[in-house]
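To be precise, the following lines are start_10.cif, and they hold mmCIF, C-alpha atoms.
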data_upload
loop_
_atom_site.label_atom_id
_atom_site.label_comp_id
_atom_site.auth_asym_id
_atom_site.auth_seq_id
_atom_site.Cartn_x
_atom_site.Cartn_y
_atom_site.Cartn_z
CA MET A 94 12.26 -25.70 42.61
CA GLY A 95 13.64 -22.37 43.76
CA SER A 96 12.63 -18.98 42.46
CA PHE A 97 14.51 -17.51 39.52
CA VAL A 98 13.41 -13.95 40.43
CA PRO A 99 16.46 -12.17 41.92
CA SER A 100 14.54 -9.42 43.75
CA THR A 101 13.33 -9.84 47.31
CA LEU A 102 9.68 -9.85 48.35
CA GLU A 103 10.11 -6.39 49.90
CA GLU A 104 11.64 -5.03 46.69
CA ARG A 105 8.77 -6.41 44.64
CA LYS A 106 6.20 -4.80 46.92
CA GLU A 107 8.06 -1.50 46.63
CA MET A 108 8.01 -1.71 42.83
CA LEU A 109 4.29 -2.48 42.76
CA GLU A 110 3.59 0.52 45.00
CA ALA A 111 5.72 2.73 42.76
CA VAL A 112 3.53 1.99 39.71
CA GLY A 113 0.31 2.32 41.70
CA VAL A 114 -0.92 -1.27 41.95
CA LYS A 115 -1.36 -3.62 44.91
CA SER A 116 -0.64 -7.00 43.33
CA TYR A 117 0.73 -8.74 40.26
CA ASP A 118 -2.83 -9.71 39.29
CA GLU A 119 -3.72 -6.03 39.17
CA LEU A 120 -0.57 -5.31 37.17
CA TYR A 121 -1.72 -7.76 34.49
CA LYS A 122 -5.42 -6.89 34.56
CA ASP A 123 -5.37 -5.95 30.83
CA VAL A 124 -4.11 -9.42 29.87
CA PRO A 125 -7.14 -11.68 29.18
CA GLU A 126 -7.69 -14.42 31.75
CA SER A 127 -7.83 -17.01 28.95
CA ILE A 128 -4.11 -16.61 28.17
CA ARG A 129 -2.78 -16.33 31.74
CA LEU A 130 -1.03 -19.34 33.24
CA GLY A 131 -2.99 -19.26 36.49
CA GLU A 132 -1.99 -20.84 39.77
CA ASN A 133 -1.05 -24.22 38.27
CA GLY A 134 1.53 -22.70 35.92
CA LEU A 135 2.75 -24.57 32.84
CA LYS A 136 1.69 -28.19 32.51
CA LEU A 137 4.67 -29.68 30.73
CA GLU A 138 5.13 -33.30 29.73
CA ASP A 139 8.20 -35.23 30.80
CA GLY A 140 11.32 -34.65 28.74
CA VAL A 141 12.10 -36.84 25.72
CA SER A 142 15.21 -37.80 23.81
CA GLU A 143 16.57 -35.75 20.90
CA LEU A 144 15.36 -38.40 18.44
CA GLU A 145 11.83 -38.34 19.87
CA ALA A 146 11.76 -34.54 19.93
CA LEU A 147 12.81 -34.39 16.27
CA SER A 148 10.11 -36.88 15.33
CA LYS A 149 7.44 -34.80 17.10
CA MET A 150 8.63 -31.59 15.44
CA GLU A 151 8.51 -33.22 11.99
CA ALA A 152 4.97 -34.43 12.68
CA LEU A 153 3.93 -30.91 13.62
CA ALA A 154 5.62 -29.47 10.51
CA GLU A 155 3.66 -31.87 8.29
CA LYS A 156 0.45 -30.13 9.40
CA ASN A 157 1.59 -26.94 7.62
CA HIS A 158 0.38 -26.41 4.08
CA ALA A 159 2.40 -24.35 1.61
CA PHE A 160 0.19 -23.32 -1.34
CA LYS A 161 1.72 -23.40 -4.81
CA ALA A 162 -0.26 -20.35 -5.96
CA VAL A 163 -0.70 -17.41 -3.57
CA PHE A 164 -3.18 -14.60 -4.29
CA ARG A 165 -3.14 -13.12 -0.80
CA GLY A 166 -1.19 -10.09 0.44
CA ALA A 167 -2.62 -7.63 2.97
CA GLY A 168 0.81 -6.80 4.37
CA SER A 169 2.75 -10.02 3.76
CA TYR A 170 3.73 -10.75 0.17
CA HIS A 171 4.98 -13.74 -1.82
CA HIS A 172 8.04 -12.56 -3.75
CA TYR A 173 11.05 -14.24 -5.32
CA ILE A 174 14.19 -14.04 -3.17
CA PRO A 175 17.55 -14.42 -4.95
CA ALA A 176 19.64 -17.26 -3.48
CA ILE A 177 22.52 -14.91 -2.68
CA VAL A 178 20.43 -13.10 -0.05
CA LYS A 179 20.33 -16.03 2.36
CA ARG A 180 23.90 -16.98 1.42
CA VAL A 181 25.09 -13.61 2.75
CA THR A 182 22.87 -13.28 5.81
CA SER A 183 23.36 -16.87 7.04
CA LYS A 184 27.08 -16.31 7.66
CA GLU A 185 27.88 -17.03 11.29
CA GLN A 186 29.38 -13.55 11.74
CA PHE A 187 25.89 -12.06 11.34
CA LEU A 188 23.39 -14.79 12.24
CA THR A 189 22.41 -14.22 15.87
CA ALA A 190 18.99 -14.00 17.51
CA TYR A 191 19.83 -11.03 19.70
CA THR A 192 20.78 -7.49 18.76
CA PRO A 193 24.57 -7.10 18.21
CA TYR A 194 26.25 -5.30 21.10
CA GLN A 195 29.58 -3.49 21.00
CA ALA A 196 28.73 -2.51 17.44
CA GLU A 197 31.31 0.28 17.67
CA ILE A 198 34.11 -2.26 17.17
CA SER A 199 32.28 -4.39 14.61
CA GLN A 200 32.88 -2.55 11.36
CA GLY A 201 31.15 -5.24 9.31
CA VAL A 202 27.84 -4.86 11.15
CA LEU A 203 28.10 -1.08 11.07
CA GLN A 204 28.84 -1.04 7.34
CA SER A 205 25.86 -3.30 6.60
CA ILE A 206 23.59 -0.95 8.58
CA PHE A 207 25.03 2.11 6.83
CA GLU A 208 24.43 0.55 3.41
CA TYR A 209 20.89 -0.43 4.42
CA GLN A 210 20.17 3.14 5.56
CA THR A 211 21.54 4.51 2.28
CA LEU A 212 19.35 2.20 0.20
CA ILE A 213 16.22 3.05 2.21
CA CYS A 214 16.95 6.76 1.73
CA ARG A 215 17.26 6.25 -2.03
CA LEU A 216 14.02 4.28 -2.09
CA THR A 217 12.06 6.86 -0.09
CA GLY A 218 13.84 10.07 -1.11
CA MET A 219 14.45 10.94 2.54
CA ASP A 220 17.58 12.39 4.15
CA THR A 221 18.14 9.80 6.86
CA ALA A 222 16.99 6.36 7.96
CA ASN A 223 17.43 4.26 11.08
CA ALA A 224 18.46 0.64 11.46
CA SER A 225 14.82 -0.50 11.48
CA VAL A 226 12.18 -1.51 14.01
CA TYR A 227 10.15 -4.70 14.39
CA ASP A 228 7.63 -4.33 11.54
CA GLY A 229 5.59 -1.87 9.53
CA ALA A 230 2.98 -1.54 12.28
CA SER A 231 5.47 -0.60 15.01
CA ALA A 232 7.16 1.77 12.53
CA ALA A 233 3.87 3.63 12.13
CA ALA A 234 3.37 3.86 15.89
CA GLU A 235 6.97 5.02 16.44
CA ALA A 236 6.60 7.61 13.67
CA ALA A 237 3.46 8.99 15.32
CA ALA A 238 5.37 9.32 18.59
CA MET A 239 8.10 11.26 16.75
CA CYS A 240 5.60 13.94 15.76
CA ARG A 241 4.01 14.71 19.11
CA ASP A 242 4.92 17.58 21.40
CA ARG A 243 3.29 19.40 24.29
CA LYS A 244 0.85 21.27 22.05
CA ARG A 245 0.17 18.56 19.48
CA HIS A 246 -0.61 15.01 20.50
CA ARG A 247 -3.52 13.76 18.38
CA VAL A 248 -3.07 11.39 15.43
CA LEU A 249 -5.30 11.11 12.35
CA VAL A 250 -5.10 7.77 10.57
CA SER A 251 -6.71 6.97 7.24
CA GLY A 252 -9.18 4.11 7.47
CA ALA A 253 -7.52 2.78 4.31
CA VAL A 254 -4.39 1.94 6.33
CA ASN A 255 -3.86 -1.73 7.20
CA PRO A 256 -6.18 -2.50 10.19
CA GLN A 257 -3.33 -4.15 12.12
CA VAL A 258 -1.28 -0.96 11.77
CA ILE A 259 -4.19 1.11 13.07
CA GLU A 260 -4.58 -1.15 16.10
CA THR A 261 -0.85 -0.92 16.85
CA VAL A 262 -0.91 2.88 16.65
CA LYS A 263 -3.84 2.88 19.09
CA THR A 264 -1.99 0.55 21.45
CA TYR A 265 1.09 2.77 21.52
CA ALA A 266 -1.15 5.79 22.08
CA TRP A 267 -2.83 4.11 25.04
CA GLY A 268 0.50 2.99 26.48
CA VAL A 269 2.34 6.30 26.17
CA LEU A 270 0.22 9.28 25.23
CA SER A 271 -2.76 8.51 27.47
CA ILE A 272 -0.53 8.60 30.53
CA GLU A 273 1.06 11.91 29.61
CA GLU A 274 -2.19 13.57 28.58
CA ASN A 275 -4.28 11.94 31.32
CA LEU A 276 -6.63 10.48 28.73
CA ALA A 277 -8.01 7.02 29.38
CA HIS A 278 -8.83 5.72 25.89
CA PRO A 279 -6.73 5.60 22.70
CA ASP A 280 -9.71 6.77 20.63
CA HIS A 281 -9.31 10.14 22.35
CA LEU A 282 -5.87 10.40 20.77
CA VAL A 283 -6.20 8.45 17.52
CA THR A 284 -8.96 9.31 15.04
CA VAL A 285 -9.62 6.97 12.13
CA LEU A 286 -11.04 8.55 8.96
CA SER A 287 -13.50 6.48 6.93
CA PRO A 288 -12.31 5.94 3.34
CA GLU A 289 -14.40 7.01 0.36
CA ASP A 290 -14.46 4.42 -2.45
CA GLY A 291 -11.39 2.79 -0.92
CA ARG A 292 -9.34 6.00 -0.68
CA THR A 293 -8.66 8.85 1.74
CA ASP A 294 -10.77 11.97 1.11
CA PRO A 295 -8.60 15.13 1.46
CA GLU A 296 -11.65 17.26 2.29
CA GLN A 297 -12.76 14.90 5.03
CA LEU A 298 -9.21 15.10 6.34
CA ARG A 299 -9.30 18.91 6.25
CA ALA A 300 -12.44 18.92 8.38
CA ALA A 301 -10.91 16.52 10.92
CA LEU A 302 -7.64 18.42 11.43
CA THR A 303 -7.45 20.42 14.67
CA PRO A 304 -4.76 22.66 16.25
CA ASP A 305 -3.66 19.75 18.47
CA THR A 306 -3.20 17.30 15.56
CA ALA A 307 0.41 16.12 15.50
CA CYS A 308 0.37 13.98 12.37
CA VAL A 309 -1.58 12.21 9.66
CA ILE A 310 -0.84 8.60 8.64
CA VAL A 311 -1.68 7.30 5.17
CA GLN A 312 -0.61 4.24 3.19
CA GLN A 313 0.61 4.08 -0.41
CA PRO A 314 -0.71 1.90 -1.99
CA ASN A 315 -3.32 1.56 0.72
CA PHE A 316 -4.76 -1.58 2.32
CA TYR A 317 -7.32 -1.92 -0.50
CA GLY A 318 -4.55 -1.65 -3.09
CA GLN A 319 -5.62 1.85 -4.19
CA LEU A 320 -3.17 4.63 -5.02
CA GLU A 321 -3.79 7.65 -2.80
CA ASP A 322 -3.55 11.32 -3.82
CA ILE A 323 -0.64 11.90 -1.44
CA GLU A 324 0.17 15.38 -2.78
CA ALA A 325 -3.33 16.64 -1.98
CA ILE A 326 -3.20 15.01 1.45
CA ALA A 327 0.22 16.55 2.13
CA LYS A 328 -1.03 20.01 1.19
CA VAL A 329 -4.02 19.80 3.55
CA THR A 330 -1.90 18.31 6.36
CA HIS A 331 0.84 20.94 6.20
CA GLU A 332 -1.63 23.80 5.98
CA ALA A 333 -2.86 22.68 9.40
CA GLY A 334 0.69 22.57 10.78
CA ALA A 335 0.78 18.77 11.16
CA LYS A 336 3.33 16.24 9.89
CA LEU A 337 2.60 13.67 7.20
CA ILE A 338 3.62 10.02 7.65
CA VAL A 339 3.43 7.85 4.53
CA SER A 340 3.60 4.06 4.81
CA VAL A 341 4.86 2.84 1.47
CA ASN A 342 5.17 -0.60 -0.12
CA PRO A 343 8.91 -0.84 -0.94
CA ILE A 344 8.32 -2.73 -4.21
CA ALA A 345 5.79 -0.15 -5.41
CA ALA A 346 8.25 2.57 -4.40
CA ALA A 347 10.47 1.45 -7.29
CA VAL A 348 8.01 2.86 -9.84
CA LEU A 349 6.00 5.48 -7.90
CA LYS A 350 7.10 8.95 -6.86
CA THR A 351 9.02 8.85 -3.59
CA PRO A 352 7.27 9.85 -0.35
CA ARG A 353 9.61 12.86 -0.18
CA GLU A 354 8.57 14.03 -3.66
CA LEU A 355 4.93 13.76 -2.59
CA GLY A 356 5.44 15.87 0.53
CA ALA A 357 5.91 13.32 3.34
CA ASP A 358 7.86 14.23 6.47
CA ILE A 359 8.40 10.61 7.50
CA ALA A 360 8.39 7.51 5.29
CA ILE A 361 7.79 4.12 6.85
CA GLY A 362 6.73 0.69 5.74
CA GLU A 363 6.80 -3.06 6.07
CA GLY A 364 10.14 -4.29 4.71
CA GLN A 365 9.11 -7.94 4.40
CA PRO A 366 8.92 -7.77 0.57
CA LEU A 367 12.66 -6.94 0.55
CA GLY A 368 14.03 -10.46 0.73
CA MET A 369 12.19 -11.88 3.73
CA PRO A 370 9.95 -14.93 3.27
CA MET A 371 6.35 -14.80 4.48
CA GLY A 372 7.50 -17.13 7.24
CA PHE A 373 4.12 -17.62 8.94
CA GLY A 374 4.25 -13.99 10.08
CA GLY A 375 7.86 -13.14 10.79
CA PRO A 376 10.46 -12.07 11.57
CA TYR A 377 9.76 -8.94 9.57
CA LEU A 378 11.27 -5.48 9.24
CA GLY A 379 9.90 -2.00 9.85
CA PHE A 380 11.82 0.65 7.93
CA MET A 381 11.78 4.33 8.92
CA ALA A 382 13.20 7.35 7.11
CA ALA A 383 12.73 11.06 7.64
CA THR A 384 13.71 14.54 6.55
CA LYS A 385 16.79 16.09 8.14
CA ASP A 386 14.83 18.19 10.63
CA MET A 387 13.21 15.01 12.04
CA MET A 388 16.48 13.05 12.26
CA ARG A 389 17.09 13.43 16.00
CA LYS A 390 13.66 12.01 16.77
CA LEU A 391 14.21 8.75 14.89
CA PRO A 392 14.26 5.76 17.28
CA GLY A 393 16.92 3.08 17.16
CA ARG A 394 20.38 3.23 15.68
CA ILE A 395 21.77 5.54 13.02
CA VAL A 396 25.19 4.77 11.58
CA GLY A 397 27.43 7.42 10.06
CA GLU A 398 30.56 7.27 7.92
CA THR A 399 33.77 9.01 9.01
CA ILE A 400 37.56 8.52 9.01
CA ASP A 401 39.80 7.17 11.75
CA SER A 402 43.04 8.65 13.10
CA GLN A 403 44.93 7.16 10.13
CA GLY A 404 42.57 8.61 7.54
CA ARG A 405 40.85 5.31 6.77
CA ARG A 406 37.11 5.13 6.11
CA CYS A 407 35.17 3.74 9.04
CA TYR A 408 31.66 3.63 10.49
CA VAL A 409 30.31 4.77 13.85
CA LEU A 410 27.01 4.90 15.70
CA THR A 411 26.21 8.59 15.48
CA LEU A 412 22.83 8.71 17.20
CA GLN A 413 21.57 6.15 19.70
CA ALA A 414 18.11 6.42 21.19
CA ARG A 415 18.31 3.02 22.91
CA GLU A 416 17.71 2.66 26.62
CA GLN A 417 21.18 1.12 27.07
CA HIS A 418 22.86 4.30 25.87
CA ILE A 419 20.83 7.20 27.28
CA ARG A 420 18.60 7.87 30.27
CA ARG A 421 15.84 5.26 30.19
CA GLU A 422 13.00 7.79 30.44
CA LYS A 423 14.32 9.60 27.35
CA ALA A 424 14.86 6.46 25.27
CA SER A 425 12.69 6.05 22.18
CA SER A 426 13.78 2.53 21.31
CA ASN A 427 14.05 -0.82 23.06
CA ILE A 428 14.56 -3.12 20.07
CA CYS A 429 16.12 -6.31 21.42
CA SER A 430 15.86 -8.95 18.70
CA ASN A 431 18.39 -8.83 15.87
CA GLU A 432 16.66 -6.39 13.53
CA ALA A 433 20.12 -5.60 12.14
CA LEU A 434 19.98 -9.03 10.51
CA CYS A 435 16.63 -8.22 8.89
CA ALA A 436 18.06 -4.88 7.74
CA MET A 437 21.03 -6.69 6.22
CA THR A 438 18.62 -9.04 4.45
CA ALA A 439 16.83 -6.06 2.90
CA ALA A 440 20.17 -4.52 1.85
CA ALA A 441 21.34 -7.78 0.29
CA TYR A 442 18.05 -8.12 -1.60
CA LEU A 443 18.15 -4.55 -2.91
CA GLU A 444 21.77 -4.92 -4.00
CA ALA A 445 21.06 -8.25 -5.69
CA MET A 446 18.03 -6.88 -7.55
CA GLY A 447 19.47 -3.49 -8.45
CA PRO A 448 17.28 -0.56 -9.57
CA LYS A 449 16.20 -2.24 -12.82
CA GLY A 450 15.43 -5.58 -11.15
CA LEU A 451 13.29 -3.87 -8.54
CA GLN A 452 11.46 -1.85 -11.20
CA ASP A 453 10.89 -4.97 -13.30
CA THR A 454 9.45 -6.73 -10.25
CA ALA A 455 7.10 -3.83 -9.56
CA ILE A 456 5.94 -3.73 -13.20
CA LEU A 457 5.32 -7.49 -13.20
CA CYS A 458 3.31 -7.22 -9.98
CA ALA A 459 1.12 -4.44 -11.39
CA SER A 460 0.60 -6.05 -14.79
CA LYS A 461 -0.27 -9.46 -13.36
CA ALA A 462 -2.68 -7.96 -10.83
CA HIS A 463 -4.45 -6.07 -13.61
CA TYR A 464 -4.65 -9.24 -15.70
CA LEU A 465 -6.17 -11.13 -12.77
CA ALA A 466 -8.64 -8.29 -12.16
CA SER A 467 -9.72 -8.29 -15.81
CA GLU A 468 -10.23 -12.06 -15.86
CA LEU A 469 -12.26 -12.00 -12.64
CA ALA A 470 -14.36 -9.19 -14.07
CA LYS A 471 -15.29 -11.42 -17.02
CA ILE A 472 -17.06 -13.83 -14.66
CA GLY A 473 -18.82 -11.08 -12.72
CA TYR A 474 -16.23 -10.18 -10.08
CA LYS A 475 -15.41 -6.60 -11.00
CA ALA A 476 -13.11 -4.48 -8.84
CA LEU A 477 -15.29 -2.67 -6.30
CA ASN A 478 -13.17 0.50 -6.14
CA LYS A 479 -12.79 2.81 -9.14
CA GLY A 480 -9.32 4.25 -8.48
CA GLU A 481 -5.96 3.09 -9.80
CA PHE A 482 -4.36 0.15 -7.99
CA PHE A 483 -0.90 -1.40 -7.80
CA HIS A 484 -0.98 -5.15 -7.13
CA GLU A 485 -4.02 -5.54 -4.87
CA PHE A 486 -7.72 -4.96 -5.48
CA VAL A 487 -11.09 -5.79 -3.93
CA THR A 488 -13.93 -7.76 -5.50
CA ALA A 489 -17.08 -9.37 -4.13
CA CYS A 490 -16.23 -12.47 -2.12
CA PRO A 491 -16.62 -15.84 -3.89
CA SER A 492 -18.73 -18.52 -2.23
CA GLU A 493 -17.37 -20.71 0.56
CA GLU A 494 -17.51 -23.67 -1.81
CA ALA A 495 -15.39 -21.83 -4.39
CA ILE A 496 -12.84 -20.89 -1.72
CA ARG A 497 -12.71 -24.51 -0.55
CA ARG A 498 -12.19 -25.78 -4.11
CA LEU A 499 -9.41 -23.26 -4.70
CA GLN A 500 -7.60 -24.40 -1.57
CA GLU A 501 -7.99 -28.04 -2.56
CA ALA A 502 -6.33 -27.13 -5.86
CA ASP A 503 -3.32 -25.70 -3.95
CA ILE A 504 -4.44 -22.11 -4.58
CA LEU A 505 -4.63 -19.63 -1.70
CA PRO A 506 -7.30 -17.09 -2.71
CA GLY A 507 -7.50 -13.48 -1.60
CA LEU A 508 -8.23 -12.38 1.94
CA PRO A 509 -11.93 -12.21 2.88
CA ILE A 510 -12.55 -8.75 4.32
CA GLU A 511 -15.67 -6.81 5.23
CA GLY A 512 -17.60 -6.30 2.02
CA GLY A 513 -15.50 -8.46 -0.28
CA MET A 514 -12.20 -10.21 -0.97
CA LEU A 515 -8.77 -8.55 -1.21
CA TRP A 516 -6.79 -10.14 -4.06
CA CYS A 517 -3.06 -9.78 -4.66
CA ALA A 518 -0.72 -10.80 -7.48
CA THR A 519 3.07 -10.68 -7.43
CA GLU A 520 5.74 -11.58 -9.96
CA LEU A 521 5.51 -15.22 -8.78
CA CYS A 522 1.90 -15.61 -9.96
CA THR A 523 1.82 -17.25 -13.38
CA ARG A 524 -0.83 -16.77 -16.06
CA GLU A 525 -1.68 -20.47 -15.80
CA GLN A 526 -2.31 -20.15 -12.05
CA MET A 527 -4.51 -17.10 -12.52
CA ASP A 528 -6.52 -18.73 -15.32
CA LYS A 529 -6.97 -21.86 -13.20
CA ALA A 530 -8.24 -19.87 -10.22
CA VAL A 531 -10.77 -18.01 -12.38
CA ARG A 532 -11.85 -21.25 -14.06
CA ILE A 533 -12.51 -22.96 -10.70
CA ILE A 534 -14.65 -20.07 -9.47
CA LYS A 535 -16.58 -20.03 -12.75
CA GLU A 536 -17.21 -23.80 -12.60
CA VAL A 537 -18.35 -23.78 -8.97
CA GLU A 538 -20.65 -20.80 -9.31
CA GLY A 539 -21.91 -21.54 -12.82
CA ARG A 540 -20.95 -18.14 -14.20
#
What do you get writing this file as structure tokens?
Amino acid sequence: MGSFVPSTLEERKEMLEAVGVKSYDELYKDVPESIRLGENGLKLEDGVSELEALSKMEALAEKNHAFKAVFRGAGSYHHYIPAIVKRVTSKEQFLTAYTPYQAEISQGVLQSIFEYQTLICRLTGMDTANASVYDGASAAAEAAAMCRDRKRHRVLVSGAVNPQVIETVKTYAWGVLSIEENLAHPDHLVTVLSPEDGRTDPEQLRAALTPDTACVIVQQPNFYGQLEDIEAIAKVTHEAGAKLIVSVNPIAAAVLKTPRELGADIAIGEGQPLGMPMGFGGPYLGFMAATKDMMRKLPGRIVGETIDSQGRRCYVLTLQAREQHIRREKASSNICSNEALCAMTAAAYLEAMGPKGLQDTAILCASKAHYLASELAKIGYKALNKGEFFHEFVTACPSEEAIRRLQEADILPGLPIEGGMLWCATELCTREQMDKAVRIIKEVEGR
């Protein structure tokens, strides 16, 4: 079989020399050996017929288990999705795997992006929003990059932020900032602050801020479900001349003060709760919104509304930070999958729910989580953190036998984390399901 690489051997050698490595093995030295193909390449079986392939896929799908009751969140949440959402987004005009090109002549795509941006701005209180990035973790990393300049490059992250987000911020720092600042390790650029009783301590933050701190990243509600004192954090951050990035749960945002009201410069978050199924981890949506003075640093697409030569309303791409549109070295975005489709999904969900529907969902989430917490407390599993929480909370971890019995009963319990279990309740959790989960734990552990 011939090579599918269009470049010549000489061109490849020249490229390797340009980036300072001698071989492809050296280029991929950071990729663990265990996941490299090696010299033998892929070991594929012989091809099969369509009927046989379908049979194999169905057999694989049968190994999946969809729990009827879900008490796990930690960044991916089980919410009700109105039927109209998929009805709109599955139209063949929109449903593609790759990002839509020539968007300038596709008014439908542009309008959907514009409406999505408008809704995100209303939800966050910000002046402008982009057409999304891959997920909440990449949104946090992109937001940190927005805040850096030649004098300020360090990032402070609350330890109460989702651990996967923290790791992604570190990865971006290693990949971009370490090269520019000649620093070898992301920990030199990203400092993680230990939480106190599940929350960020403003005084600890004050002590950690330095003249070269570019930004502070916090989460609301945070990974442990706690509500942070964002106003106090914003005051300390701005006094030090740094920017504040707040990662917000979009459902909680319906009933909490907006990030803008609390003093944030950039609002980000995981948009999965806005009409996207848990889907075994994706595809998800990272939303980003900012104040007007940060607008030109937002990555990705920003759509604006204007009028054409005949005075008719139309939509245009006003700012494009993609590598296809500007000099590659100045690009701040390389989103290639169809995040516009995920953005449209979020817009369709928000429009279908409306302000009252979204608020009702948030209230149901909070009330059901507090009911579950109170029932668990009755059998000795009190919430470990004292602060107010939204729809997640931490208790001691039940026994392995209790967890096994819950799963056998089609109940997915909370996420085991260091020091306990992180529980979550959404509007889809019924009282009967919560009572059953508590009853099983009580029976197994004799409480």
Taking the file as I've supplied it (selection: the PyMOL selection byres ((chain A and resi 310-315) around 7)), which residues are included? Please answer as a JSON list (two decimals) with C-alpha atoms, keeping the file's coordinate frame.
[["chain", "number", "residue", "atom", "x", "y", "z"],
["A", 249, "LEU", "CA", -5.30, 11.11, 12.35],
["A", 250, "VAL", "CA", -5.10, 7.77, 10.57],
["A", 251, "SER", "CA", -6.71, 6.97, 7.24],
["A", 253, "ALA", "CA", -7.52, 2.78, 4.31],
["A", 254, "VAL", "CA", -4.39, 1.94, 6.33],
["A", 308, "CYS", "CA", 0.37, 13.98, 12.37],
["A", 309, "VAL", "CA", -1.58, 12.21, 9.66],
["A", 316, "PHE", "CA", -4.76, -1.58, 2.32],
["A", 317, "TYR", "CA", -7.32, -1.92, -0.50],
["A", 318, "GLY", "CA", -4.55, -1.65, -3.09],
["A", 319, "GLN", "CA", -5.62, 1.85, -4.19],
["A", 320, "LEU", "CA", -3.17, 4.63, -5.02],
["A", 321, "GLU", "CA", -3.79, 7.65, -2.80],
["A", 337, "LEU", "CA", 2.60, 13.67, 7.20],
["A", 338, "ILE", "CA", 3.62, 10.02, 7.65],
["A", 339, "VAL", "CA", 3.43, 7.85, 4.53],
["A", 340, "SER", "CA", 3.60, 4.06, 4.81],
["A", 341, "VAL", "CA", 4.86, 2.84, 1.47],
["A", 342, "ASN", "CA", 5.17, -0.60, -0.12],
["A", 483, "PHE", "CA", -0.90, -1.40, -7.80]]
Show me, as number ranges by chain, the residues that have an atom within 8 Å of segment 461-465 of chain A when counting only C-alpha atoms, minus same-chain residues fewer than 2 positions from it. A: 457-459, 467-469, 483-486, 517-520, 522, 524, 527
Could you list, as a list of chain:residue names, every residue matched by the PyMOL selection byres ((chain A and resi 540) around 8) in this structure? A:Ile472, A:Gly473, A:Lys535, A:Glu536, A:Glu538, A:Gly539
Taking the file as shown, find all residues satisfying the PyMOL selection byres ((chain A and resi 371-376) around 7) and write them as number ranges by chain. A: 169-171, 369-370, 377
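If you measure from each of A:Phe164, A:Thr293, A:Val112, A:Arg215 to Val531 of chain A using only C-alpha atoms, the closest one turns out to be A:Phe164.
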Identify the residues around (-15.5, -5.7, 5.9) within a radius of 12 Å, measuring from all atoms listed in the file in the coordinates stated by the file, and give them as a PDB file with C-alpha atoms, in the frame of the given file.
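For reference, part.pdb as written:
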ATOM      1  CA  GLY A 252      -9.180   4.110   7.470  1.00  0.00           C
ATOM      2  CA  ALA A 253      -7.520   2.780   4.310  1.00  0.00           C
ATOM      3  CA  PRO A 256      -6.180  -2.500  10.190  1.00  0.00           C
ATOM      4  CA  GLY A 291     -11.390   2.790  -0.920  1.00  0.00           C
ATOM      5  CA  TYR A 317      -7.320  -1.920  -0.500  1.00  0.00           C
ATOM      6  CA  VAL A 487     -11.090  -5.790  -3.930  1.00  0.00           C
ATOM      7  CA  THR A 488     -13.930  -7.760  -5.500  1.00  0.00           C
ATOM      8  CA  ALA A 489     -17.080  -9.370  -4.130  1.00  0.00           C
ATOM      9  CA  CYS A 490     -16.230 -12.470  -2.120  1.00  0.00           C
ATOM     10  CA  LEU A 508      -8.230 -12.380   1.940  1.00  0.00           C
ATOM     11  CA  PRO A 509     -11.930 -12.210   2.880  1.00  0.00           C
ATOM     12  CA  ILE A 510     -12.550  -8.750   4.320  1.00  0.00           C
ATOM     13  CA  GLU A 511     -15.670  -6.810   5.230  1.00  0.00           C
ATOM     14  CA  GLY A 512     -17.600  -6.300   2.020  1.00  0.00           C
ATOM     15  CA  GLY A 513     -15.500  -8.460  -0.280  1.00  0.00           C
ATOM     16  CA  MET A 514     -12.200 -10.210  -0.970  1.00  0.00           C
ATOM     17  CA  LEU A 515      -8.770  -8.550  -1.210  1.00  0.00           C
TER      18      LEU A 515
END
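We find atom CA of Ala222 of chain A and atom CA of Ala307 of chain A to be spaced 20.7 Å apart.
Pairwise distance (atom CA of Thr211 of chain A, atom CA of Asn223 of chain A) equals 9.7 Å.
Residues in contact range of Cys435 of chain A, defined as at most 7 Å between only C-alpha atoms, with sequence neighbours fewer than 3 positions away removed, read Tyr377, Leu378, Glu432, Thr438 and Ala439 of chain A.
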Using C-alpha atoms, can you export the residues from the last selection as a tab-separated table (two decimals), keeping the file's coordinate frame?
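Written out: result-v5.tsv:
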chain	number	residue	atom	x	y	z
A	377	TYR	CA	9.76	-8.94	9.57
A	378	LEU	CA	11.27	-5.48	9.24
A	432	GLU	CA	16.66	-6.39	13.53
A	438	THR	CA	18.62	-9.04	4.45
A	439	ALA	CA	16.83	-6.06	2.90
Which distance in Å separates atom CA of Ile128 of chain A and atom CA of Trp267 of chain A, to one decimal? 21.0 Å
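Distances to Phe207 of chain A were evaluated for A:Tyr474, A:Tyr408, A:Trp516, A:Phe160 using all atoms listed in the file, and the minimum falls at A:Tyr408.
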Between A:Met219, A:Ala237, A:Ala154, A:Ala224, smallest distance to Leu412 of chain A by all atoms listed in the file belongs to A:Ala224
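Proximity to Met388 of chain A at 12 Å, evaluated using only C-alpha atoms and with sequence-adjacent residues fewer than 5 positions away removed, yields Met219, Asp220, Thr221, Ala222, Asn223, Ala236, Met239, Cys240, Asp358, Ile359, Met381, Ala382, Ala383, Gly393, Arg394, Ile395, Thr411, Leu412, Gln413 and Ala414 of chain A.
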Among the residues A:Lys161, A:Lys385, A:Arg245, A:Lys328, the one that comes closest to Thr523 of chain A [using only C-alpha atoms]: A:Lys161
Among listed residues A:Ser287, A:Ala230, A:Glu110, A:Ile533, nearest Thr261 of chain A (using all atoms listed in the file): A:Ala230
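Minimum atom-to-atom distances from A:Cys407, A:Ile504, A:Leu153, A:Gln204 to Asp528 of chain A were compared using all atoms listed in the file, and the lowest value belongs to A:Ile504.
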